[in-house]
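All remarks here apply to the structure that follows.
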Amino acid sequence: MARRPKKRKGYRRFGEPTKCRFCRMKIKHVDYKDIQSLQKLTTIQGKIFSRKRSGNCAKHQRSVKKAIKRARYLALLPYVGR
């Protein structure tokens with residue numbers, strides 16, 4: 001009985017790692033008044049997406065967190081639901 005080689009589950013892509021959306025656009029600080037971009041980073045229930053899900057770097061994820069909380073406080077974004 002001949003052995004078959006194991007199939008690879010996937011391949012590793014070498015090259016430049018993907019950058020977060022704010023790094024690509026060269027934005028230093030996320031603005032709390034930019035509601036459209038902040039809504040893309042929250043769920044329907046109003047929860048903030050994780051770094052892994054949103055693709056943000058650590059610096060911009062902290063900035064997003066502060067911006068969303070400020071926007072909620074000023075009633076630009078809802079705390080719960082859309």
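Identifiers in this document derive from the order of the structure tokens: chains are assigned A, B, ..., residues are numbered from 1 separately in each chain, and ligands are numbered from 1 in order of occurrence.
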
May I have the residues within 12 Å of Gly81 of chain A as a PyMOL selection string, using only C-alpha atoms and disregarding those fewer than 3 positions away in the same chain? chain A and resi 39+42-48+72+77-78

What does the file look like for those residues with C-alpha atoms, as a compact mmCIF listing (two decimals), in the first residue's frame?
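In the end it all went to out-v2.txt:
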# COMPACT_ATOMS: atom_id res chain seq x y z
CA GLN A 39 -20.31 52.63 13.05
CA THR A 42 -19.31 48.39 16.12
CA THR A 43 -21.81 45.53 16.03
CA ILE A 44 -25.57 45.92 15.63
CA GLN A 45 -25.88 45.67 19.41
CA GLY A 46 -23.40 48.54 19.80
CA LYS A 47 -20.40 46.50 20.94
CA ILE A 48 -16.91 47.44 19.74
CA ARG A 72 -21.73 57.69 22.94
CA LEU A 77 -23.72 56.89 18.78
CA PRO A 78 -26.14 54.77 20.80

With a distance cut-off of 8 Å and only C-alpha atoms, select the neighbouring residues of Leu76 of chain A, excluding the residue or stretch itself and same-chain residues fewer than 4 positions from it, and output the selection as a compact mmCIF listing (two decimals) with C-alpha atoms, in the first residue's frame.
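Result went into out33.txt, see below:
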# COMPACT_ATOMS: atom_id res chain seq x y z
CA LYS A 33 -17.31 63.10 15.05
CA ILE A 35 -19.79 58.58 12.81
CA ALA A 71 -19.43 59.73 20.67
CA ARG A 72 -21.73 57.69 22.94

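Computed from the coordinates, the atom CA of Val80 of chain A to atom CA of Cys20 of chain A distance equals 25.8 Å.
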
If we count only C-alpha atoms and set the cut-off at 12 Å, which residues sit around Arg24 of chain A, ignoring sequence neighbours fewer than 4 positions away in its own chain? Please answer as a PyMOL selection string. chain A and resi 17-20+28+55-57+60

Dump C-alpha atoms for the selected residues as a CSV table (one decimal), in the first residue's frame?
chain,number,residue,atom,x,y,z
A,17,PRO,CA,1.5,42.2,6.5
A,18,THR,CA,-1.8,43.9,6.2
A,19,LYS,CA,-2.0,47.3,7.9
A,20,CYS,CA,-5.0,48.7,9.8
A,28,LYS,CA,-2.9,59.8,13.6
A,55,GLY,CA,-8.0,44.6,11.7
A,56,ASN,CA,-6.8,47.7,13.7
A,57,CYS,CA,-3.3,48.0,15.2
A,60,HIS,CA,-5.6,52.9,16.6

Residue list (helix (DSSP H, G or I), DSSP) for chain A, as a ChimeraX atom specification: /A:21-24,35-39,51-54,58-73

With N, CA and C atoms retained, write the just-selected residues as a PDB file, in the first residue's frame.
ATOM      1  N   ARG A  21      -6.744  50.065   8.812  1.00  0.00           N
ATOM      2  CA  ARG A  21      -7.305  51.056   7.886  1.00  0.00           C
ATOM      3  C   ARG A  21      -6.820  52.473   8.185  1.00  0.00           C
ATOM      4  N   PHE A  22      -6.550  52.774   9.444  1.00  0.00           N
ATOM      5  CA  PHE A  22      -6.098  54.119   9.808  1.00  0.00           C
ATOM      6  C   PHE A  22      -4.626  54.318   9.465  1.00  0.00           C
ATOM      7  N   CYS A  23      -3.827  53.255   9.572  1.00  0.00           N
ATOM      8  CA  CYS A  23      -2.422  53.339   9.155  1.00  0.00           C
ATOM      9  C   CYS A  23      -2.315  53.514   7.646  1.00  0.00           C
ATOM     10  N   ARG A  24      -3.171  52.816   6.897  1.00  0.00           N
ATOM     11  CA  ARG A  24      -3.153  52.952   5.437  1.00  0.00           C
ATOM     12  C   ARG A  24      -3.513  54.362   5.008  1.00  0.00           C
ATOM     13  N   ILE A  35     -18.854  59.627  12.400  1.00  0.00           N
ATOM     14  CA  ILE A  35     -19.794  58.581  12.805  1.00  0.00           C
ATOM     15  C   ILE A  35     -19.790  57.406  11.833  1.00  0.00           C
ATOM     16  N   GLN A  36     -19.649  57.658  10.533  1.00  0.00           N
ATOM     17  CA  GLN A  36     -19.704  56.571   9.552  1.00  0.00           C
ATOM     18  C   GLN A  36     -18.593  55.552   9.781  1.00  0.00           C
ATOM     19  N   SER A  37     -17.377  56.016  10.020  1.00  0.00           N
ATOM     20  CA  SER A  37     -16.281  55.062  10.223  1.00  0.00           C
ATOM     21  C   SER A  37     -16.393  54.379  11.588  1.00  0.00           C
ATOM     22  N   LEU A  38     -16.932  55.069  12.580  1.00  0.00           N
ATOM     23  CA  LEU A  38     -17.084  54.457  13.904  1.00  0.00           C
ATOM     24  C   LEU A  38     -18.189  53.408  13.901  1.00  0.00           C
ATOM     25  N   GLN A  39     -19.232  53.612  13.121  1.00  0.00           N
ATOM     26  CA  GLN A  39     -20.313  52.627  13.053  1.00  0.00           C
ATOM     27  C   GLN A  39     -19.844  51.328  12.405  1.00  0.00           C
ATOM     28  N   ARG A  51      -9.745  43.772  18.021  1.00  0.00           N
ATOM     29  CA  ARG A  51      -8.666  44.094  17.090  1.00  0.00           C
ATOM     30  C   ARG A  51      -8.569  43.067  15.981  1.00  0.00           C
ATOM     31  N   LYS A  52      -8.750  41.825  16.341  1.00  0.00           N
ATOM     32  CA  LYS A  52      -8.645  40.750  15.352  1.00  0.00           C
ATOM     33  C   LYS A  52      -9.745  40.873  14.301  1.00  0.00           C
ATOM     34  N   ARG A  53     -10.928  41.230  14.740  1.00  0.00           N
ATOM     35  CA  ARG A  53     -12.071  41.343  13.824  1.00  0.00           C
ATOM     36  C   ARG A  53     -12.004  42.617  12.990  1.00  0.00           C
ATOM     37  N   SER A  54     -11.611  43.728  13.624  1.00  0.00           N
ATOM     38  CA  SER A  54     -11.583  45.002  12.903  1.00  0.00           C
ATOM     39  C   SER A  54     -10.316  45.177  12.076  1.00  0.00           C
ATOM     40  N   ALA A  58      -2.819  48.155  17.602  1.00  0.00           N
ATOM     41  CA  ALA A  58      -3.116  48.418  19.011  1.00  0.00           C
ATOM     42  C   ALA A  58      -3.314  49.911  19.274  1.00  0.00           C
ATOM     43  N   LYS A  59      -2.480  50.740  18.663  1.00  0.00           N
ATOM     44  CA  LYS A  59      -2.563  52.187  18.868  1.00  0.00           C
ATOM     45  C   LYS A  59      -3.905  52.735  18.386  1.00  0.00           C
ATOM     46  N   HIS A  60      -4.306  52.338  17.193  1.00  0.00           N
ATOM     47  CA  HIS A  60      -5.552  52.855  16.647  1.00  0.00           C
ATOM     48  C   HIS A  60      -6.768  52.212  17.302  1.00  0.00           C
ATOM     49  N   GLN A  61      -6.644  50.991  17.800  1.00  0.00           N
ATOM     50  CA  GLN A  61      -7.770  50.375  18.502  1.00  0.00           C
ATOM     51  C   GLN A  61      -8.066  51.130  19.794  1.00  0.00           C
ATOM     52  N   ARG A  62      -7.025  51.563  20.499  1.00  0.00           N
ATOM     53  CA  ARG A  62      -7.232  52.382  21.705  1.00  0.00           C
ATOM     54  C   ARG A  62      -7.883  53.710  21.345  1.00  0.00           C
ATOM     55  N   SER A  63      -7.434  54.296  20.234  1.00  0.00           N
ATOM     56  CA  SER A  63      -7.990  55.560  19.777  1.00  0.00           C
ATOM     57  C   SER A  63      -9.459  55.397  19.368  1.00  0.00           C
ATOM     58  N   VAL A  64      -9.786  54.285  18.727  1.00  0.00           N
ATOM     59  CA  VAL A  64     -11.165  53.990  18.327  1.00  0.00           C
ATOM     60  C   VAL A  64     -12.038  53.827  19.566  1.00  0.00           C
ATOM     61  N   LYS A  65     -11.519  53.124  20.565  1.00  0.00           N
ATOM     62  CA  LYS A  65     -12.267  52.897  21.802  1.00  0.00           C
ATOM     63  C   LYS A  65     -12.631  54.228  22.471  1.00  0.00           C
ATOM     64  N   LYS A  66     -11.655  55.129  22.553  1.00  0.00           N
ATOM     65  CA  LYS A  66     -11.917  56.439  23.153  1.00  0.00           C
ATOM     66  C   LYS A  66     -12.919  57.241  22.324  1.00  0.00           C
ATOM     67  N   ALA A  67     -12.759  57.191  21.001  1.00  0.00           N
ATOM     68  CA  ALA A  67     -13.646  57.953  20.115  1.00  0.00           C
ATOM     69  C   ALA A  67     -15.078  57.442  20.210  1.00  0.00           C
ATOM     70  N   ILE A  68     -15.260  56.123  20.258  1.00  0.00           N
ATOM     71  CA  ILE A  68     -16.611  55.562  20.363  1.00  0.00           C
ATOM     72  C   ILE A  68     -17.238  55.940  21.694  1.00  0.00           C
ATOM     73  N   LYS A  69     -16.466  55.883  22.767  1.00  0.00           N
ATOM     74  CA  LYS A  69     -17.001  56.232  24.083  1.00  0.00           C
ATOM     75  C   LYS A  69     -17.363  57.714  24.156  1.00  0.00           C
ATOM     76  N   ARG A  70     -16.563  58.567  23.535  1.00  0.00           N
ATOM     77  CA  ARG A  70     -16.892  60.000  23.496  1.00  0.00           C
ATOM     78  C   ARG A  70     -18.153  60.244  22.679  1.00  0.00           C
ATOM     79  N   ALA A  71     -18.255  59.569  21.537  1.00  0.00           N
ATOM     80  CA  ALA A  71     -19.429  59.727  20.673  1.00  0.00           C
ATOM     81  C   ALA A  71     -20.689  59.231  21.381  1.00  0.00           C
ATOM     82  N   ARG A  72     -20.582  58.183  22.161  1.00  0.00           N
ATOM     83  CA  ARG A  72     -21.725  57.694  22.937  1.00  0.00           C
ATOM     84  C   ARG A  72     -22.138  58.713  23.989  1.00  0.00           C
ATOM     85  N   TYR A  73     -21.149  59.287  24.668  1.00  0.00           N
ATOM     86  CA  TYR A  73     -21.426  60.259  25.715  1.00  0.00           C
ATOM     87  C   TYR A  73     -22.133  61.494  25.148  1.00  0.00           C
TER      88      TYR A  73
END
